file protein_13.txt (compact mmCIF, C-alpha atoms)
# COMPACT_ATOMS: atom_id res chain seq x y z
CA MET O 257 -26.54 38.39 100.57
CA ARG O 258 -29.47 40.45 99.36
CA GLN O 259 -31.31 38.69 96.56
CA ARG O 260 -31.38 40.86 93.49
CA ARG O 261 -34.14 40.64 90.94
CA PHE O 262 -33.82 41.56 87.31
CA ARG O 263 -36.54 43.92 86.13
CA LEU O 264 -36.22 44.02 82.34
CA ILE O 265 -38.69 46.20 80.57
CA LEU O 266 -41.11 44.09 78.55
CA ALA O 267 -40.68 46.38 75.59
CA VAL O 268 -37.01 45.40 75.34
CA VAL O 269 -37.88 41.75 74.78
CA ALA O 270 -40.79 42.53 72.48
CA ALA O 271 -38.64 44.86 70.41
CA MET O 272 -35.94 42.25 70.08
CA ALA O 273 -38.46 39.70 68.85
CA SER O 274 -40.04 41.92 66.25
CA LEU O 275 -36.84 43.07 64.57
CA VAL O 276 -36.63 40.49 61.81
CA ALA O 277 -34.41 40.89 58.80
CA VAL O 278 -34.26 37.69 56.78
CA SER O 279 -30.91 37.26 55.08
CA GLY O 280 -31.27 37.09 51.34
CA ILE O 281 -35.06 37.65 51.22
CA ARG O 282 -37.33 40.65 51.17
CA THR O 283 -39.13 41.40 54.43
CA ALA O 284 -42.78 42.33 54.00
CA THR O 285 -42.92 45.19 56.46
CA ALA O 286 -46.62 45.74 55.89
CA ASP O 287 -47.42 42.33 57.34
CA THR O 288 -48.89 42.13 60.79
CA VAL O 289 -46.41 40.73 63.27
CA PRO O 290 -47.98 38.20 65.65
CA ALA O 291 -47.15 38.74 69.30
CA PRO O 292 -44.09 36.74 70.33
CA VAL O 293 -45.22 33.68 72.24
CA SER O 294 -43.02 34.10 75.31
CA ALA O 295 -42.90 37.90 75.26
CA ALA O 296 -46.64 37.89 75.82
CA LYS O 297 -45.91 37.07 79.47
CA SER O 298 -45.25 39.92 81.85
CA GLU O 299 -42.40 38.19 83.69
CA THR O 300 -39.08 39.21 82.15
CA ARG O 301 -36.67 38.89 85.04
CA TYR O 302 -33.99 36.22 85.13
CA PHE O 303 -35.80 32.96 85.83
CA GLU O 304 -34.54 31.10 88.89
CA GLY O 305 -37.25 28.48 88.89
CA ASP O 306 -37.32 24.93 87.57
CA TYR O 307 -38.03 23.88 84.01
CA LYS O 308 -39.74 20.56 83.30
CA VAL O 309 -37.41 18.31 81.33
CA SER O 310 -38.97 16.02 78.75
CA LEU O 311 -37.70 13.01 76.81
CA ASN O 312 -38.34 13.12 73.09
CA LEU O 313 -38.98 9.51 72.15
CA TYR O 314 -37.06 10.00 68.90
CA SER O 315 -34.04 9.24 71.09
CA PHE O 316 -35.24 5.62 70.85
CA ASN O 317 -35.96 5.89 67.11
CA VAL O 318 -34.11 2.79 65.88
CA ASN O 319 -35.34 0.73 68.83
CA LEU O 320 -38.95 1.82 68.38
CA ASN O 321 -38.76 1.10 64.65
CA ALA O 322 -37.33 -2.33 65.43
CA TRP O 323 -40.59 -2.93 67.35
CA LEU O 324 -42.98 -1.22 64.93
CA LYS O 325 -41.48 -2.32 61.62
CA GLY O 326 -39.46 -5.38 62.56
CA ARG O 327 -36.20 -3.72 61.55
CA LYS O 328 -33.09 -5.65 62.46
CA GLY O 329 -29.91 -4.41 64.06
CA ALA O 330 -31.27 -2.85 67.24
CA PRO O 331 -32.99 -4.29 70.31
CA PRO O 332 -36.70 -3.40 70.13
CA ILE O 333 -38.62 -1.31 72.64
CA ASP O 334 -42.28 -0.32 72.40
CA THR O 335 -43.70 3.12 73.05
CA LEU O 336 -45.17 2.30 76.45
CA GLN O 337 -41.86 0.79 77.58
CA ALA O 338 -40.05 3.95 76.47
CA ILE O 339 -42.48 6.04 78.52
CA ARG O 340 -41.89 3.88 81.60
CA PHE O 341 -38.14 4.32 81.16
CA ALA O 342 -38.61 8.11 81.05
CA LYS O 343 -40.23 7.97 84.47
CA GLU O 344 -37.54 5.69 85.90
CA ALA O 345 -34.77 7.91 84.51
CA GLY O 346 -36.24 11.00 86.17
CA PHE O 347 -37.85 12.93 83.32
CA ASP O 348 -40.83 15.16 84.05
CA ALA O 349 -42.53 14.62 80.70
CA VAL O 350 -42.37 12.83 77.37
CA ASP O 351 -42.70 13.98 73.77
CA VAL O 352 -44.55 11.14 72.07
CA THR O 353 -43.83 11.65 68.39
CA ALA O 354 -46.68 10.26 66.30
CA TYR O 355 -44.22 8.04 64.44
CA TYR O 356 -44.39 5.66 67.39
CA ILE O 357 -48.15 5.24 67.47
CA PRO O 358 -49.13 2.11 65.51
CA GLY O 359 -50.90 3.13 62.32
CA TYR O 360 -48.71 6.16 61.56
CA ASP O 361 -47.22 6.53 58.08
CA ASN O 362 -45.11 9.40 56.70
CA ASN O 363 -46.70 9.36 53.25
CA THR O 364 -50.27 8.13 53.62
CA MET O 365 -53.27 8.51 55.85
CA PRO O 366 -53.17 6.16 58.87
CA THR O 367 -52.90 2.47 58.12
CA LYS O 368 -55.04 1.41 61.08
CA PRO O 369 -58.65 2.27 61.98
CA ARG O 370 -59.22 5.63 63.66
CA ASP O 371 -60.78 4.05 66.76
CA GLU O 372 -57.77 1.78 67.24
CA ILE O 373 -55.34 4.68 67.00
CA MET O 374 -57.39 6.83 69.38
CA GLN O 375 -57.52 3.96 71.85
CA TYR O 376 -53.70 3.74 71.80
CA ALA O 377 -53.52 7.51 72.35
CA ARG O 378 -55.75 7.10 75.41
CA GLU O 379 -53.50 4.29 76.69
CA ILE O 380 -50.52 6.65 76.43
CA LYS O 381 -52.41 9.38 78.25
CA GLU O 382 -53.54 7.01 80.99
CA LEU O 383 -50.06 5.53 81.47
CA CYS O 384 -48.54 9.00 81.79
CA ARG O 385 -51.22 9.92 84.31
CA GLU O 386 -50.47 6.80 86.36
CA LEU O 387 -46.73 7.49 86.26
CA GLY O 388 -47.06 11.18 87.05
CA LEU O 389 -45.53 12.19 83.71
CA GLU O 390 -46.74 15.04 81.55
CA ILE O 391 -46.92 14.97 77.76
CA SER O 392 -44.94 17.91 76.41
CA GLY O 393 -45.83 17.50 72.74
CA THR O 394 -45.95 15.32 69.68
CA GLY O 395 -45.13 15.67 66.01
CA ALA O 396 -45.54 14.31 62.51
CA GLN O 397 -43.57 14.56 59.29
CA ASN O 398 -44.60 16.73 56.35
CA ASP O 399 -43.17 18.61 53.37
CA PHE O 400 -45.01 21.82 52.57
CA ALA O 401 -42.26 22.93 50.16
CA ASP O 402 -43.01 20.08 47.78
CA PRO O 403 -43.95 21.39 44.30
CA ASP O 404 -46.81 18.87 44.03
CA ASP O 405 -50.10 20.37 45.21
CA ALA O 406 -51.51 16.91 45.89
CA VAL O 407 -48.60 16.00 48.19
CA ARG O 408 -49.09 19.16 50.23
CA ALA O 409 -52.85 18.68 50.40
CA LEU O 410 -52.41 15.12 51.65
CA ASP O 411 -49.94 16.33 54.29
CA VAL O 412 -52.54 18.82 55.54
CA GLU O 413 -55.15 16.08 55.92
CA ARG O 414 -52.63 13.75 57.56
CA LEU O 415 -51.60 16.42 60.05
CA LYS O 416 -55.21 17.24 60.86
CA PHE O 417 -55.73 13.59 61.78
CA TRP O 418 -52.67 13.61 64.02
CA ILE O 419 -53.76 16.90 65.60
CA ASP O 420 -56.93 15.03 66.58
CA VAL O 421 -54.72 12.31 68.08
CA ALA O 422 -52.68 14.94 69.92
CA ALA O 423 -55.88 16.33 71.43
CA GLU O 424 -56.96 12.83 72.46
CA MET O 425 -53.57 12.12 73.98
CA GLY O 426 -53.39 15.47 75.77
CA ALA O 427 -50.35 16.78 73.88
CA PRO O 428 -50.34 20.61 73.95
CA VAL O 429 -48.18 21.12 70.84
CA MET O 430 -48.05 19.47 67.41
CA ARG O 431 -44.60 19.73 65.86
CA VAL O 432 -44.52 20.30 62.09
CA PHE O 433 -41.91 21.20 59.47
CA SER O 434 -41.59 23.66 56.61
CA GLY O 435 -40.18 21.15 54.13
CA VAL O 436 -36.96 20.26 52.37
CA VAL O 437 -35.45 22.69 49.89
CA PRO O 438 -37.19 21.84 46.57
CA ASN O 439 -35.55 21.48 43.18
CA ASP O 440 -37.14 24.68 41.88
CA ILE O 441 -35.65 26.89 44.61
CA ASP O 442 -33.24 28.58 42.17
CA GLN O 443 -36.07 29.30 39.76
CA LEU O 444 -38.64 30.64 42.22
CA GLY O 445 -36.61 31.72 45.25
CA TRP O 446 -37.12 31.19 48.97
CA GLU O 447 -39.78 33.83 49.51
CA THR O 448 -42.10 32.70 46.74
CA ILE O 449 -42.00 29.08 47.87
CA ALA O 450 -42.40 30.00 51.54
CA ARG O 451 -45.33 32.38 50.90
CA ASN O 452 -47.20 30.30 48.34
CA ARG O 453 -46.58 26.73 49.50
CA ILE O 454 -45.60 26.71 53.17
CA VAL O 455 -47.60 29.54 54.72
CA PRO O 456 -51.16 28.60 53.61
CA PRO O 457 -51.14 25.04 55.04
CA LEU O 458 -49.53 26.27 58.27
CA ARG O 459 -52.28 28.86 58.65
CA GLU O 460 -54.93 26.22 57.99
CA LEU O 461 -53.40 23.88 60.57
CA ALA O 462 -53.07 26.69 63.11
CA ASP O 463 -56.81 27.34 62.81
CA TYR O 464 -57.61 23.64 62.97
CA GLY O 465 -55.42 23.11 66.03
CA ALA O 466 -56.92 26.12 67.81
CA ALA O 467 -60.37 24.52 67.62
CA ARG O 468 -58.97 21.39 69.30
CA GLY O 469 -56.77 23.01 71.92
CA VAL O 470 -53.50 22.04 70.21
CA ARG O 471 -50.87 24.62 69.36
CA ILE O 472 -48.76 24.27 66.22
CA GLY O 473 -44.98 24.38 66.54
CA LEU O 474 -42.90 25.10 63.43
CA GLN O 475 -39.53 23.42 63.90
CA ASN O 476 -36.38 24.86 62.37
CA HIS O 477 -34.75 21.88 60.70
CA GLY O 478 -31.92 23.00 58.47
CA ASP O 479 -34.25 22.99 55.45
CA MET O 480 -36.55 25.84 54.38
CA THR O 481 -36.22 26.96 58.00
CA ALA O 482 -32.44 26.83 58.32
CA THR O 483 -32.04 30.19 60.06
CA ALA O 484 -33.86 32.01 62.82
CA ASP O 485 -34.77 34.82 60.42
CA GLN O 486 -36.38 32.43 57.95
CA THR O 487 -38.35 30.68 60.68
CA ILE O 488 -39.58 33.92 62.22
CA GLN O 489 -40.47 35.35 58.80
CA ILE O 490 -42.69 32.38 58.02
CA LEU O 491 -44.36 32.84 61.39
CA ARG O 492 -44.98 36.51 60.53
CA TRP O 493 -46.63 35.57 57.26
CA VAL O 494 -48.82 32.90 58.88
CA ASP O 495 -49.96 35.54 61.37
CA SER O 496 -51.81 33.30 63.83
CA PRO O 497 -51.78 33.31 67.64
CA ASN O 498 -51.90 29.51 67.59
CA ILE O 499 -48.50 28.88 66.03
CA GLY O 500 -45.03 29.20 67.55
CA ILE O 501 -41.55 27.89 66.96
CA ILE O 502 -39.99 24.63 68.10
CA ASP O 503 -36.51 25.84 69.03
CA ASP O 504 -34.31 23.02 67.69
CA THR O 505 -30.82 23.71 69.04
CA GLY O 506 -29.16 21.30 66.61
CA TYR O 507 -30.34 22.62 63.26
CA PHE O 508 -29.57 26.33 62.85
CA ARG O 509 -27.17 26.84 59.95
CA PRO O 510 -26.69 28.89 56.77
CA PHE O 511 -29.47 28.30 54.26
CA ARG O 512 -28.71 25.28 52.04
CA SER O 513 -25.72 24.27 54.15
CA THR O 514 -25.31 20.69 55.35
CA THR O 515 -23.66 21.74 58.61
CA GLY O 516 -23.84 24.44 61.23
CA LEU O 517 -20.08 24.55 61.75
CA GLY O 518 -18.89 28.14 61.98
CA TYR O 519 -22.43 29.47 62.32
CA ASP O 520 -23.59 31.55 65.30
CA TRP O 521 -26.22 29.04 66.38
CA TYR O 522 -26.47 30.46 69.93
CA ARG O 523 -27.63 33.78 68.47
CA ASP O 524 -30.29 32.04 66.38
CA ILE O 525 -31.43 29.87 69.29
CA ALA O 526 -31.87 33.02 71.37
CA LYS O 527 -33.48 35.00 68.56
CA VAL O 528 -36.45 32.63 68.28
CA LEU O 529 -36.96 32.32 72.04
CA PRO O 530 -39.67 35.01 72.20
CA TYR O 531 -41.66 33.03 69.60
CA SER O 532 -40.96 29.54 70.96
CA ASN O 533 -43.65 27.24 72.32
CA ASN O 534 -41.41 24.19 72.71
CA PHE O 535 -37.83 22.96 72.40
CA GLN O 536 -35.57 20.25 71.04
CA VAL O 537 -32.28 20.30 72.97
CA LYS O 538 -29.56 18.32 71.21
CA LYS O 539 -26.06 17.36 72.37
CA LYS O 540 -24.50 18.90 69.28
CA PRO O 541 -25.48 22.31 67.87
CA ALA O 542 -23.86 21.95 64.46
CA GLY O 543 -25.37 18.58 63.58
CA ALA O 544 -24.86 15.01 64.73
CA GLU O 545 -22.04 14.55 62.20
CA ASN O 546 -19.80 17.03 64.03
CA ASP O 547 -17.85 16.82 67.28
CA VAL O 548 -18.85 20.23 68.68
CA LEU O 549 -20.88 19.86 71.88
CA MET O 550 -23.58 22.21 73.09
CA ASP O 551 -22.52 24.53 75.91
CA LEU O 552 -25.52 23.78 78.09
CA ASP O 553 -24.71 26.49 80.63
CA ARG O 554 -24.69 29.12 77.92
CA LEU O 555 -27.87 27.70 76.39
CA PHE O 556 -29.82 27.62 79.64
CA THR O 557 -28.55 31.04 80.73
CA ASP O 558 -29.91 32.38 77.45
CA VAL O 559 -33.22 30.62 78.09
CA ARG O 560 -33.44 31.99 81.64
CA LEU O 561 -32.75 35.50 80.36
CA SER O 562 -35.78 35.15 78.08
CA ALA O 563 -39.43 34.81 79.06
CA TYR O 564 -39.61 31.16 77.94
CA ARG O 565 -41.16 29.00 80.68
CA GLY O 566 -42.14 25.89 78.72
CA TYR O 567 -40.78 22.34 78.59
CA ILE O 568 -37.15 21.46 77.88
CA PRO O 569 -37.33 18.29 75.75
CA LEU O 570 -34.06 16.43 75.16
CA GLU O 571 -33.32 14.44 72.02
CA LEU O 572 -30.28 12.31 71.27
CA LEU O 573 -29.09 11.68 67.72
CA TRP O 574 -26.32 9.47 66.35
CA THR O 575 -24.53 9.12 63.04
CA LYS O 576 -24.58 5.73 61.35
CA ASP O 577 -20.91 5.04 62.05
CA GLU O 578 -20.87 6.31 65.64
CA PRO O 579 -19.64 3.57 68.02
CA THR O 580 -22.43 4.41 70.47
CA ASN O 581 -25.17 4.20 67.83
CA PRO O 582 -28.03 2.13 69.31
CA LYS O 583 -27.91 -0.20 66.31
CA GLY O 584 -24.68 -1.61 67.67
CA LEU O 585 -25.78 -1.92 71.30
CA THR O 586 -27.19 -4.96 73.07
CA GLU O 587 -29.90 -2.88 74.73
CA PRO O 588 -31.61 0.47 74.01
CA PRO O 589 -29.49 3.55 74.84
CA TYR O 590 -30.73 3.87 78.41
CA ASP O 591 -27.35 4.89 79.83
CA GLN O 592 -26.67 7.53 77.17
CA ILE O 593 -30.07 9.12 77.65
CA SER O 594 -29.72 9.08 81.43
CA GLU O 595 -26.26 10.65 81.15
CA PHE O 596 -27.56 13.47 78.95
CA LEU O 597 -30.44 14.06 81.36
CA GLY O 598 -27.95 14.27 84.22
CA LYS O 599 -25.88 16.86 82.37
CA ALA O 600 -28.94 18.91 81.48
CA ARG O 601 -30.25 18.88 85.05
CA ALA O 602 -26.83 19.81 86.44
CA SER O 603 -26.63 22.74 84.03
CA LEU O 604 -30.16 23.87 84.82
CA ALA O 605 -29.21 23.80 88.51
CA ARG O 606 -25.99 25.77 87.95
CA THR O 607 -27.75 28.46 85.95
CA LYS O 608 -30.52 29.07 88.49
CA THR O 609 -28.47 31.71 90.29
CA GLU O 610 -28.78 35.17 88.74
CA PRO O 611 -25.53 35.80 86.82
CA PHE O 612 -24.73 39.15 88.48
CA GLU O 613 -25.49 37.61 91.84
CA ALA O 614 -23.16 34.72 91.01
CA ILE O 615 -20.34 37.16 90.20
CA ASP O 616 -20.94 39.04 93.45
CA GLN O 617 -20.93 35.78 95.41
CA SER O 618 -17.59 34.83 93.85
CA MET O 619 -16.08 38.20 94.72
CA GLY O 620 -17.38 37.83 98.26
CA ARG O 621 -15.80 34.40 98.64
CA TYR O 622 -12.47 35.57 97.26
CA ALA O 623 -12.53 38.66 99.49
CA ALA O 624 -13.19 36.47 102.54
CA SER O 625 -10.31 34.14 101.63
CA GLY O 626 -7.92 37.04 100.98
CA GLU O 627 -7.63 36.28 97.26
CA LEU O 628 -9.26 39.58 96.28
CA ARG O 629 -8.50 42.79 98.19
CA GLY O 630 -7.43 46.41 98.00
CA PRO O 631 -8.22 48.72 95.06
CA ALA O 632 -8.90 45.76 92.77
CA TYR O 633 -11.78 44.58 94.96
CA ALA O 634 -13.34 48.06 95.15
CA GLN O 635 -13.01 48.68 91.40
CA LEU O 636 -14.44 45.31 90.44
CA ARG O 637 -17.37 45.61 92.83
CA ASN O 638 -18.13 49.06 91.45
CA ALA O 639 -18.00 47.89 87.81
CA SER O 640 -20.22 44.88 88.57
CA ALA O 641 -22.76 47.02 90.44
CA GLN O 642 -22.95 49.50 87.58
CA ALA O 643 -23.38 46.72 85.03
CA GLN O 644 -26.25 45.25 87.02
CA HIS O 645 -27.88 48.65 87.53
CA HIS O 646 -27.93 49.30 83.78
CA PHE O 647 -29.30 45.82 83.10
CA GLU O 648 -32.11 46.18 85.61
CA HIS O 649 -33.15 49.43 83.94
CA GLY O 650 -33.24 47.93 80.45
CA ARG O 651 -29.97 49.46 79.25
CA VAL O 652 -28.44 46.17 78.20
CA ASP O 653 -25.85 47.74 75.90
CA GLU O 654 -24.49 49.82 78.81
CA SER O 655 -24.52 46.75 81.01
CA VAL O 656 -22.38 44.87 78.51
CA ARG O 657 -20.02 47.84 78.27
CA LYS O 658 -19.55 47.87 82.05
CA LEU O 659 -18.98 44.12 82.08
CA ARG O 660 -16.23 44.56 79.50
CA ILE O 661 -14.67 47.21 81.74
CA PHE O 662 -14.91 44.66 84.55
CA VAL O 663 -12.95 42.14 82.44
CA GLN O 664 -10.40 44.77 81.40
CA ARG O 665 -9.74 45.64 85.04
CA LEU O 666 -9.32 41.98 85.83
CA ASP O 667 -6.78 41.62 83.05
CA ALA O 668 -4.94 44.77 84.15
CA THR O 669 -4.67 43.65 87.77
CA ASN O 670 -1.50 41.57 87.99
CA ARG O 671 -0.47 42.19 91.58
CA PRO O 672 -0.67 38.92 93.58
CA SER O 673 -1.30 40.98 96.70
CA GLU O 674 -4.64 42.12 95.26
CA ILE O 675 -5.94 39.12 93.32
CA SER O 676 -4.96 35.48 92.95
CA ASP O 677 -4.68 33.72 89.60
CA ASN O 678 -7.61 31.51 90.54
CA ALA O 679 -9.85 34.48 91.39
CA GLN O 680 -8.82 36.31 88.25
CA GLN O 681 -9.56 33.32 86.03
CA THR O 682 -12.91 32.47 87.64
CA LEU O 683 -14.26 36.02 87.61
CA SER O 684 -13.13 36.52 84.03
CA GLN O 685 -14.92 33.34 82.95
CA GLN O 686 -18.11 34.37 84.72
CA ALA O 687 -18.14 37.89 83.28
CA ASN O 688 -17.34 36.75 79.74
CA ALA O 689 -20.02 34.08 79.92
CA LEU O 690 -22.59 36.69 80.92
CA ILE O 691 -21.45 38.99 78.10
CA ARG O 692 -21.92 36.14 75.62
CA SER O 693 -25.43 35.37 76.87
CA LEU O 694 -26.52 39.01 76.87
CA THR O 695 -25.17 39.26 73.33
CA ASP O 696 -27.00 36.09 72.30
CA VAL O 697 -30.32 37.34 73.60
CA PHE O 698 -30.14 41.10 72.97
CA GLY O 699 -27.82 41.52 70.00
CA PRO O 700 -24.18 42.00 68.99
CA GLN O 701 -23.56 44.87 71.45
CA GLY O 702 -26.02 43.55 73.99
CA SER O 703 -28.68 45.97 72.81
CA ALA O 704 -32.19 44.98 71.88
CA ALA O 705 -31.72 46.39 68.42
CA GLY O 706 -28.84 44.05 67.66

call {"tool": "encode", "arguments": {"input": "protein_13.txt", "output": "structure tokens"}}
result
Amino acid sequence: MRQRRFRLILAVVAAMASLVAVSGIRTATADTVPAPVSAAKSETRYFEGDYKVSLNLYSFNVNLNAWLKGRKGAPPIDTLQAIRFAKEAGFDAVDVTAYYIPGYDNNTMPTKPRDEIMQYAREIKELCRELGLEISGTGAQNDFADPDDAVRALDVERLKFWIDVAAEMGAPVMRVFSGVVPNDIDQLGWETIARNRIVPPLRELADYGAARGVRIGLQNHGDMTATADQTIQILRWVDSPNIGIIDDTGYFRPFRSTTGLGYDWYRDIAKVLPYSNNFQVKKKPAGAENDVLMDLDRLFTDVRLSAYRGYIPLELLWTKDEPTNPKGLTEPPYDQISEFLGKARASLARTKTEPFEAIDQSMGRYAASGELRGPAYAQLRNASAQAQHHFEHGRVDESVRKLRIFVQRLDATNRPSEISDNAQQTLSQQANALIRSLTDVFGPQGSAAG
């Protein structure tokens, strides 16, 4: 079957990325909008290639802290052992969070000599080189929303040190946070705190990282960056080419909410894609405390529809009372991490086929088996072809409309002589899944304007 290529107009993606309307805050329209990170690339067709999957070492958090801090209740593992496991499990890269480099502290400057810490960073780099692993990023904790000027100033100096470590280690991105919602939020409001406390240190770090070849990644974390709009707005105000967004799939939620349940997290995940320079893929999109699992096929279809071509880091989290929490295991959570990697790789493989091509392939199979024939086959093929034609010419809203007509015709066709129940169900699932992803990435009606 002829391979079809999607030729989205770059302006569609760029327009989608620049339309930011932060809920509950005033948008400063006079501000310069930095170019979206991923939209800066010219390739906007559906991506059929391979993404490099990384292990975020926070998945071993309790085990690494058992080693570093002598905490009881979990079998210890050191950072180098965790990296070796990543290679054995089949990861392409590792995210070595700075927490797991001896000498790191969340509240003070490093507790070990600089030379000793840099030597450990070089050991990590050398081990990864020997194993054939890449380093996808690193990160450190901070709170730029804190009302105390001295706390924020110390965090800037701490992060500068760990940016130096990132450069030594060969990590391309330093992951940072906006900060927890402070007690004076009701008095000052989100915008004032974001502009006056969070933006200046991020701009300073972006400049510092640029001089050392390390990009800054602002991670949405359910705090002062709870929504996509908030995260993008902060990026607009920072206005630096050396800062992007860490797309954390587990932390989009309403501002000041403790959960993402009921929130359209897929839309927010997709909305920040044009600005993203790294990822955190979690098992659960609404928070570890909930039972909702991430639809990886939908997630990775959204990613492939975007221009994002970076790493796909995976991170596992557990609640304290979860039976599978590593604190209650006799060994580190090797099996759970390997299982999640397997699911992610399987989903990445399934989503490599262009969605319209996948629908056409299904129709071809059902036509060959006699499960799809007559007027139904001709009508469905015509609706699918029209939907793809509109998509390839940047008319995403029309493409979605034609896909909905495709589904309506499926639902209206109830003659067993023309379509089997199995064919009807499969094609409906495929078309509806594509509608959802186009809506995630391009807006409520599938249009770039949303």

call {"tool": "atom_distance", "arguments": {"input": "protein_13.txt", "atom1": "CA of Arg301 in chain O", "atom2": "CA of Asp351 in chain O"}}
result
28.0 Å

call {"tool": "atom_distance", "arguments": {"input": "protein_13.txt", "atom1": "CA of Phe511 in chain O", "atom2": "CA of Ser496 in chain O"}}
result
24.8 Å

call {"tool": "atom_distance", "arguments": {"input": "protein_13.txt", "atom1": "CA of Asp616 in chain O", "atom2": "CA of Leu555 in chain O"}}
result
21.6 Å

call {"tool": "closest_residue", "arguments": {"input": "protein_13.txt", "among": "O:Gly305, O:Gly393, O:Pro497, O:Gly326", "to": "Asn534 in chain O", "atoms": "only C-alpha atoms"}}
result
O:Gly393

call {"tool": "residues_around", "arguments": {"input": "protein_13.txt", "residues": "Gly465 in chain O", "least_positions_apart": "3", "cutoff": "10 Å", "atoms": "all atoms listed in the file", "output": "PyMOL selection string"}}
result
chain O and resi 415-416+419-420+422-423+428-430+459-462+468-472+498-499

call {"tool": "write_last_selection", "arguments": {"input": "protein_13.txt", "atoms": "C-alpha atoms", "output": "short mmCIF file (atom, residue, chain, number, x, y, z; two decimals), in the coordinates of the input"}}
result
data_model
loop_
_atom_site.label_atom_id
_atom_site.label_comp_id
_atom_site.auth_asym_id
_atom_site.auth_seq_id
_atom_site.Cartn_x
_atom_site.Cartn_y
_atom_site.Cartn_z
CA LEU O 415 -51.60 16.42 60.05
CA LYS O 416 -55.21 17.24 60.86
CA ILE O 419 -53.76 16.90 65.60
CA ASP O 420 -56.93 15.03 66.58
CA ALA O 422 -52.68 14.94 69.92
CA ALA O 423 -55.88 16.33 71.43
CA PRO O 428 -50.34 20.61 73.95
CA VAL O 429 -48.18 21.12 70.84
CA MET O 430 -48.05 19.47 67.41
CA ARG O 459 -52.28 28.86 58.65
CA GLU O 460 -54.93 26.22 57.99
CA LEU O 461 -53.40 23.88 60.57
CA ALA O 462 -53.07 26.69 63.11
CA ARG O 468 -58.97 21.39 69.30
CA GLY O 469 -56.77 23.01 71.92
CA VAL O 470 -53.50 22.04 70.21
CA ARG O 471 -50.87 24.62 69.36
CA ILE O 472 -48.76 24.27 66.22
CA ASN O 498 -51.90 29.51 67.59
CA ILE O 499 -48.50 28.88 66.03
#

call {"tool": "closest_atom_pairs", "arguments": {"input": "protein_13.txt", "of": "range 516-597 of chain O", "to": "range 307-315 of chain O", "cutoff": "9 Å", "atoms": "all atoms listed in the file", "output": "tab-separated table"}}
result
residue	atom	partner	partner_atom	distance
O:Gln536	CA	O:Asn312	CA	7.9
O:Arg565	CA	O:Tyr307	CA	6.9
O:Gly566	CA	O:Tyr307	CA	7.0
O:Tyr567	CA	O:Lys308	CA	5.1
O:Ile568	CA	O:Val309	CA	4.7
O:Pro569	CA	O:Ser310	CA	4.1
O:Leu570	CA	O:Leu311	CA	5.3
O:Glu571	CA	O:Asn312	CA	5.3
O:Leu572	CA	O:Ser315	CA	4.9
O:Leu573	CA	O:Ser315	CA	6.5
O:Pro589	CA	O:Ser315	CA	8.2
O:Ile593	CA	O:Ser315	CA	7.7
O:Leu597	CA	O:Val309	CA	8.2

call {"tool": "closest_atom_pairs", "arguments": {"input": "protein_13.txt", "of": "range 498-596 of chain O", "to": "range 328-333 of chain O", "cutoff": "12 Å", "atoms": "only C-alpha atoms", "output": "CSV"}}
result
residue,atom,partner,partner_atom,distance
O:Lys576,CA,O:Gly329,CA,11.8
O:Thr580,CA,O:Ala330,CA,11.9
O:Asn581,CA,O:Ala330,CA,9.3
O:Pro582,CA,O:Ala330,CA,6.3
O:Lys583,CA,O:Ala330,CA,4.4
O:Gly584,CA,O:Ala330,CA,6.7
O:Leu585,CA,O:Ala330,CA,6.9
O:Thr586,CA,O:Pro331,CA,6.5
O:Glu587,CA,O:Pro331,CA,5.6
O:Pro588,CA,O:Pro331,CA,6.2
O:Pro589,CA,O:Pro331,CA,9.7
O:Tyr590,CA,O:Ile333,CA,11.1

call {"tool": "residues_around", "arguments": {"input": "protein_13.txt", "residues": "Phe556 in chain O", "least_positions_apart": "3", "cutoff": "10 Å", "atoms": "all atoms listed in the file", "output": "JSON, numbers by chain"}}
result
{"O": [551, 552, 553, 559, 560, 561, 562, 568, 600, 603, 604, 605, 606, 607, 608, 693]}

call {"tool": "residues_near_point", "arguments": {"input": "protein_13.txt", "point": "(-42.3, 15.4, 83.7)", "cutoff": "8 Å", "atoms": "all atoms listed in the file", "output": "list in words"}}
result
Lys308, Val309, Ser310, Lys343, Gly346, Phe347, Asp348, Ala349, Val350, Gly388, Leu389, Glu390 and Ile391 of chain O

call {"tool": "residues_around", "arguments": {"input": "protein_13.txt", "residues": "Gln644 in chain O", "least_positions_apart": "2", "cutoff": "9 Å", "atoms": "only C-alpha atoms", "output": "PDB file with C-alpha atoms, in the coordinates of the input"}}
result
ATOM      1  CA  PHE O 262     -33.820  41.560  87.310  1.00  0.00           C
ATOM      2  CA  PHE O 612     -24.730  39.150  88.480  1.00  0.00           C
ATOM      3  CA  ALA O 639     -18.000  47.890  87.810  1.00  0.00           C
ATOM      4  CA  SER O 640     -20.220  44.880  88.570  1.00  0.00           C
ATOM      5  CA  ALA O 641     -22.760  47.020  90.440  1.00  0.00           C
ATOM      6  CA  GLN O 642     -22.950  49.500  87.580  1.00  0.00           C
ATOM      7  CA  HIS O 646     -27.930  49.300  83.780  1.00  0.00           C
ATOM      8  CA  PHE O 647     -29.300  45.820  83.100  1.00  0.00           C
ATOM      9  CA  GLU O 648     -32.110  46.180  85.610  1.00  0.00           C
ATOM     10  CA  HIS O 649     -33.150  49.430  83.940  1.00  0.00           C
ATOM     11  CA  SER O 655     -24.520  46.750  81.010  1.00  0.00           C
ATOM     12  CA  LYS O 658     -19.550  47.870  82.050  1.00  0.00           C
ATOM     13  CA  LEU O 659     -18.980  44.120  82.080  1.00  0.00           C
TER      14      LEU O 659
END
